[in-house]
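Data block below; observations after.
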Amino acid sequence: MRRAVLFALFSATAAQASDDVTTFTLDNGLDVVVIEDHRAPVVTQMVWYRVGAADEPPGNSGIAHFLEHLMFQGTANLEPGEFSATVEANGGDDNAFTSWDYTAYFQRIAADRLDLMMEMEADRMRNLELTEEDVLTERNVILEERKTRTDSSPGALMNEQTRASQFLNHPYGIPVIGWNHEIEALDRKDALDFYRLYYAPNNAILVVAGDVTPDAVKAMAEKHYGPLAPSKGIAPRVRPSEPPQLSERRLSYVDARVSQPYVSRSYLAPERDPGDQKKAAALTMLAELLGGSGTTSLFAQALQFGADPVAVYSSAYYDGTTLDDGTFGLVVVPAPGKSLEDAEEAMDAVISTFIETGPDAEDFARIKTQIAAAQVYARDNVDGLARSYGEALAVGLTIDDIQSWPSVLENVTAEEVVAAAKEVLDKRRAVTGWVMPEEGANQ
């Protein structure tokens, strides 16, 4: 009864907490989103470009991430490094990130410095200047980043191999950072060609969140971004489609650096579709039920805390905020004395039982309460709101999709979750991997 009351309270709060959002589009095609929050005199500016690693020309893997680095070089008005130095000198911080579907840049700063941030961000949207030395230096930085974060990590290498096996035709199988041999070949022309095509107002979303008003943001946006010329080359984002996966794919990765063997599995899974997010909501619930908690999830209870524990760690994860079909993932780390085969069999048994019996009513209600609470708490973070709006819009969702998402999650049924599990958790659509130390190759 207490959970039902809590859920009702969180649901009512979510329904009442309509984000104070205003949208408009400049004449040059720049989409602008303003999220008002006047509790503190701070603001977050984010510029999201509708281009990521999955949009790169064949043979140029890593160019989207490479350009993200190069964007901190100079323009005719700013010296290399001056952008971030100016943000810091004004008491703010800034950064950027790249995914398969978008590249984003942001600054967090006092609200009265927003005009300056817009001036600088608009400047580098169309006026980036690159020397051969800039390109060579940053390319070496990225090669070192790949060596440090990917090549030195068995888990990262396994993830890379899993995606390459999962996506035979779609560019989601190419790593965001790029393949090493293709990074080495990236040059100044590659970077500038990519930049001039995609970094334009008609391929961008400006999100401003914090202590601002729509009128003030519009005036500043028209002043700084308004004069920028749109790109004539922006086309619909039509990518190669993935053929049906007809049989399970299995990988074994053996590496002396592996300290703890584990089983991973990745299934092809649908994304959040504009106007129809029910299946994505069901998969979100499914991930939470199976492995969202290290203590109360089905995996945790059955594999880690049963009479004969099979695992020391287990999880399930899903994020449907992608432009095209993505993945639903599972991980199980076997307990001492248990083999990878033991762990995989036990994981499959939990999935099979769930599909047969469905979720426990009390567990289902608890997960709904937790998700509803998380949605409410997320609205208390202006940076998180800016990111959730920008990310969703960058992959083709609408303002209505974003604002209705809590309601879609609230209304998902147990039957819909089971149906999603039956559809997605099919080993014929999966890549199953065993990660092992050298001495464990025969486990």
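Residue numbering restarts at 1 in every chain; chains get A, B, ... in the order shown in the structure tokens, and ligands count up from 1 in that same order.
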
Checklist entry - Which polymer residues have any atom within 12 Å of an atom of His181 in chain A, counting only C-alpha atoms, with same-chain residues fewer than 3 positions away left out, as an MDAnalysis selection string? => result chainID A and resid 59:62 139 143 146 177:178 184:186

Write the residues of the selection above to a file with N, CA and C atoms, as a short mmCIF file (atom, residue, chain, number, x, y, z; two decimals), in the first residue's frame.
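Saved file out16.cif follows:
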```cif
data_model
loop_
_atom_site.label_atom_id
_atom_site.label_comp_id
_atom_site.auth_asym_id
_atom_site.auth_seq_id
_atom_site.Cartn_x
_atom_site.Cartn_y
_atom_site.Cartn_z
N GLY A 59 35.83 4.87 -44.33
CA GLY A 59 37.28 5.02 -44.28
C GLY A 59 37.78 6.14 -43.41
N ASN A 60 36.86 6.98 -42.92
CA ASN A 60 37.23 8.11 -42.07
C ASN A 60 36.73 7.93 -40.65
N SER A 61 36.76 6.72 -40.14
CA SER A 61 36.26 6.51 -38.78
C SER A 61 37.04 7.36 -37.80
N GLY A 62 36.30 7.94 -36.87
CA GLY A 62 36.90 8.80 -35.85
C GLY A 62 36.89 10.26 -36.20
N ARG A 139 45.70 14.84 -33.63
CA ARG A 139 45.63 13.44 -34.07
C ARG A 139 46.48 12.56 -33.16
N LEU A 143 45.22 9.41 -30.87
CA LEU A 143 45.85 8.09 -30.93
C LEU A 143 46.29 7.65 -29.53
N ARG A 146 43.13 6.66 -27.60
CA ARG A 146 42.69 5.31 -27.95
C ARG A 146 43.58 4.25 -27.28
N ILE A 177 35.61 6.47 -31.37
CA ILE A 177 36.97 7.02 -31.44
C ILE A 177 37.64 6.68 -32.76
N GLY A 178 37.14 5.65 -33.44
CA GLY A 178 37.69 5.24 -34.73
C GLY A 178 38.63 4.06 -34.62
N GLU A 184 45.05 7.30 -37.97
CA GLU A 184 46.39 7.70 -38.40
C GLU A 184 46.38 8.41 -39.75
N ALA A 185 45.35 8.14 -40.56
CA ALA A 185 45.29 8.71 -41.90
C ALA A 185 44.47 10.00 -41.98
N LEU A 186 43.79 10.38 -40.91
CA LEU A 186 42.96 11.59 -40.94
C LEU A 186 43.84 12.83 -41.12
#
```

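Minimum atom-to-atom distance to Asp215 in chain A, evaluated using only C-alpha atoms, belongs to A:Thr23 out of A:Asn127, A:Thr23, A:Ser264, A:Thr44.
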
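Taking CA of Leu330 in chain A and CA of Asn411 in chain A as the two end points, the separation is 25.0 Å.
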
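For the pair CA of Ile109 in chain A and CA of Gly92 in chain A, the interatomic distance is 4.3 Å.
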
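Restricting the calculation to only C-alpha atoms, the smallest distance between Arg50 in chain A and any of A:Gly173, A:Pro243, A:Gly210, A:Pro236 is found for A:Pro236.
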
Item to check | Every residue of range 13-181 of chain A that DSSP places in helix (DSSP H, G or I), as a PyMOL selection string | outcome: chain A and resi 13-16+53-55+63-70+82-89+111-126+132-151+154-166+171-173+180-181

Next on the checklist: Which residue is closest to Thr98 in chain A? Choose from A:Gly81, A:Tyr389, A:Leu26, A:Trp48 and count only C-alpha atoms.
Outcome noted: A:Trp48

Checklist entry - What is the distance between CA of Val42 in chain A and CA of His224 in chain A, in Å to one decimal? => result 19.9 Å

Next on the checklist: Please return, as a count of residues only, all residues of range 51-288 of chain A that DSSP assigns to strand (DSSP E or B) on the basis of the backbone.
Outcome noted: 39

Item to check | Among listed residues A:Gln73, A:Thr103, A:Thr321, A:Thr357, nearest Ile205 in chain A (using only C-alpha atoms) | outcome: A:Thr103

Checklist entry - In terms of the shortest atom-to-atom distance over only C-alpha atoms, which of A:Pro437, A:Gly329, A:Gly275, A:Pro175 is closest to Ser315 in chain A? => result A:Gly329

Name the residues in contact with range 27-29 of chain A at a cut-off of 12 Å, using only C-alpha atoms, excluding same-chain residues fewer than 4 positions from it; report them as a compact mmCIF listing (two decimals) with C-alpha atoms, in the first residue's frame.
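out.txt, freshly written:
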```
# COMPACT_ATOMS: atom_id res chain seq x y z
CA ALA A 200 26.01 24.80 -39.57
CA PRO A 201 22.93 26.37 -38.00
CA ASN A 202 20.51 24.23 -40.02
CA ASN A 203 22.13 21.10 -38.60
CA ALA A 204 22.22 22.25 -34.97
CA ILE A 205 20.08 22.59 -31.87
CA LEU A 206 20.81 25.34 -29.35
CA LYS A 218 16.01 34.91 -28.87
CA ALA A 221 20.61 34.03 -30.68
CA GLU A 222 19.49 36.25 -33.54
CA HIS A 224 25.14 35.90 -32.80
CA TYR A 225 23.83 32.80 -34.60
CA GLY A 226 21.35 34.54 -36.92
CA PRO A 227 23.94 35.89 -39.42
CA LEU A 228 25.54 32.45 -39.94
CA ALA A 229 24.99 30.88 -43.35
CA PRO A 230 23.31 27.46 -43.45
CA SER A 231 24.94 24.48 -45.11
CA LYS A 232 23.56 23.49 -48.51
CA ILE A 234 22.45 18.78 -45.17
```

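When only C-alpha atoms are used to measure the gap to Ser84 in chain A, the shortest distance among A:Asp426, A:Asp101, A:Phe106, A:Phe66 belongs to A:Phe106.
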
Sorted by chain and rising residue number, list the residues of range 286-322 of chain A at most 12 Å from range 368-386 of chain A (counting only C-alpha atoms), each with its closest atom pair and distance in Å to one decimal, as JSON lines.
```
{"residue": "A:Leu286", "atom": "CA", "partner": "A:Lys368", "partner_atom": "CA", "distance": 11.0}
{"residue": "A:Ala287", "atom": "CA", "partner": "A:Ile371", "partner_atom": "CA", "distance": 11.6}
{"residue": "A:Glu288", "atom": "CA", "partner": "A:Ile371", "partner_atom": "CA", "distance": 8.9}
{"residue": "A:Leu289", "atom": "CA", "partner": "A:Lys368", "partner_atom": "CA", "distance": 9.8}
{"residue": "A:Gly292", "atom": "CA", "partner": "A:Gln370", "partner_atom": "CA", "distance": 10.6}
{"residue": "A:Ser293", "atom": "CA", "partner": "A:Gln370", "partner_atom": "CA", "distance": 10.8}
```

Write the residues of the preceding selection, restricted to N, CA and C atoms, as a tab-separated table (two decimals), in the first residue's frame.
```
chain	number	residue	atom	x	y	z
A	286	LEU	N	12.16	-3.56	-18.38
A	286	LEU	CA	12.76	-4.89	-18.39
A	286	LEU	C	14.20	-4.85	-17.87
A	287	ALA	N	14.98	-3.87	-18.31
A	287	ALA	CA	16.37	-3.76	-17.84
A	287	ALA	C	16.42	-3.54	-16.34
A	288	GLU	N	15.51	-2.71	-15.82
A	288	GLU	CA	15.49	-2.46	-14.38
A	288	GLU	C	15.09	-3.72	-13.61
A	289	LEU	N	14.10	-4.44	-14.11
A	289	LEU	CA	13.65	-5.66	-13.43
A	289	LEU	C	14.73	-6.73	-13.41
A	292	GLY	N	18.71	-3.98	-12.88
A	292	GLY	CA	18.90	-2.57	-12.55
A	292	GLY	C	19.46	-2.32	-11.17
A	293	SER	N	19.27	-3.27	-10.25
A	293	SER	CA	19.75	-3.11	-8.88
A	293	SER	C	20.70	-4.24	-8.54
```

Next on the checklist: So that I can check the surroundings of Asp324 in chain A, please list as a list in words every protein, DNA and RNA residue that reaches within 7 Å of it, counting only C-alpha atoms and ignoring chain neighbours fewer than 2 positions away.
Outcome noted: Glu271, Thr322 and Gly326 of chain A

Next on the checklist: Quick one: residues within 12 Å of Pro58 in chain A, only C-alpha atoms, excluding same-chain residues fewer than 2 positions away - as a VMD selection string?
Outcome noted: chain A and resid 53 to 56 60 to 63 169 to 171 174 178 to 179 182 190 239 to 240

Next on the checklist: Give me, as JSON, numbers by chain, all polymer residues having an atom no more than 7 Å from Gly74 in chain A, counting only C-alpha atoms and skipping those fewer than 6 positions away in the same chain.
Outcome noted: {"A": [80, 81, 128, 129]}

Next on the checklist: Give me the residues near Pro336 in chain A as an MDAnalysis selection string, where near means some atom within 12 Å (using only C-alpha atoms) and where sequence neighbours in that chain fewer than 3 positions away do not count.
Outcome noted: chainID A and resid 260:262 304 308:313 333 339:340 342:343
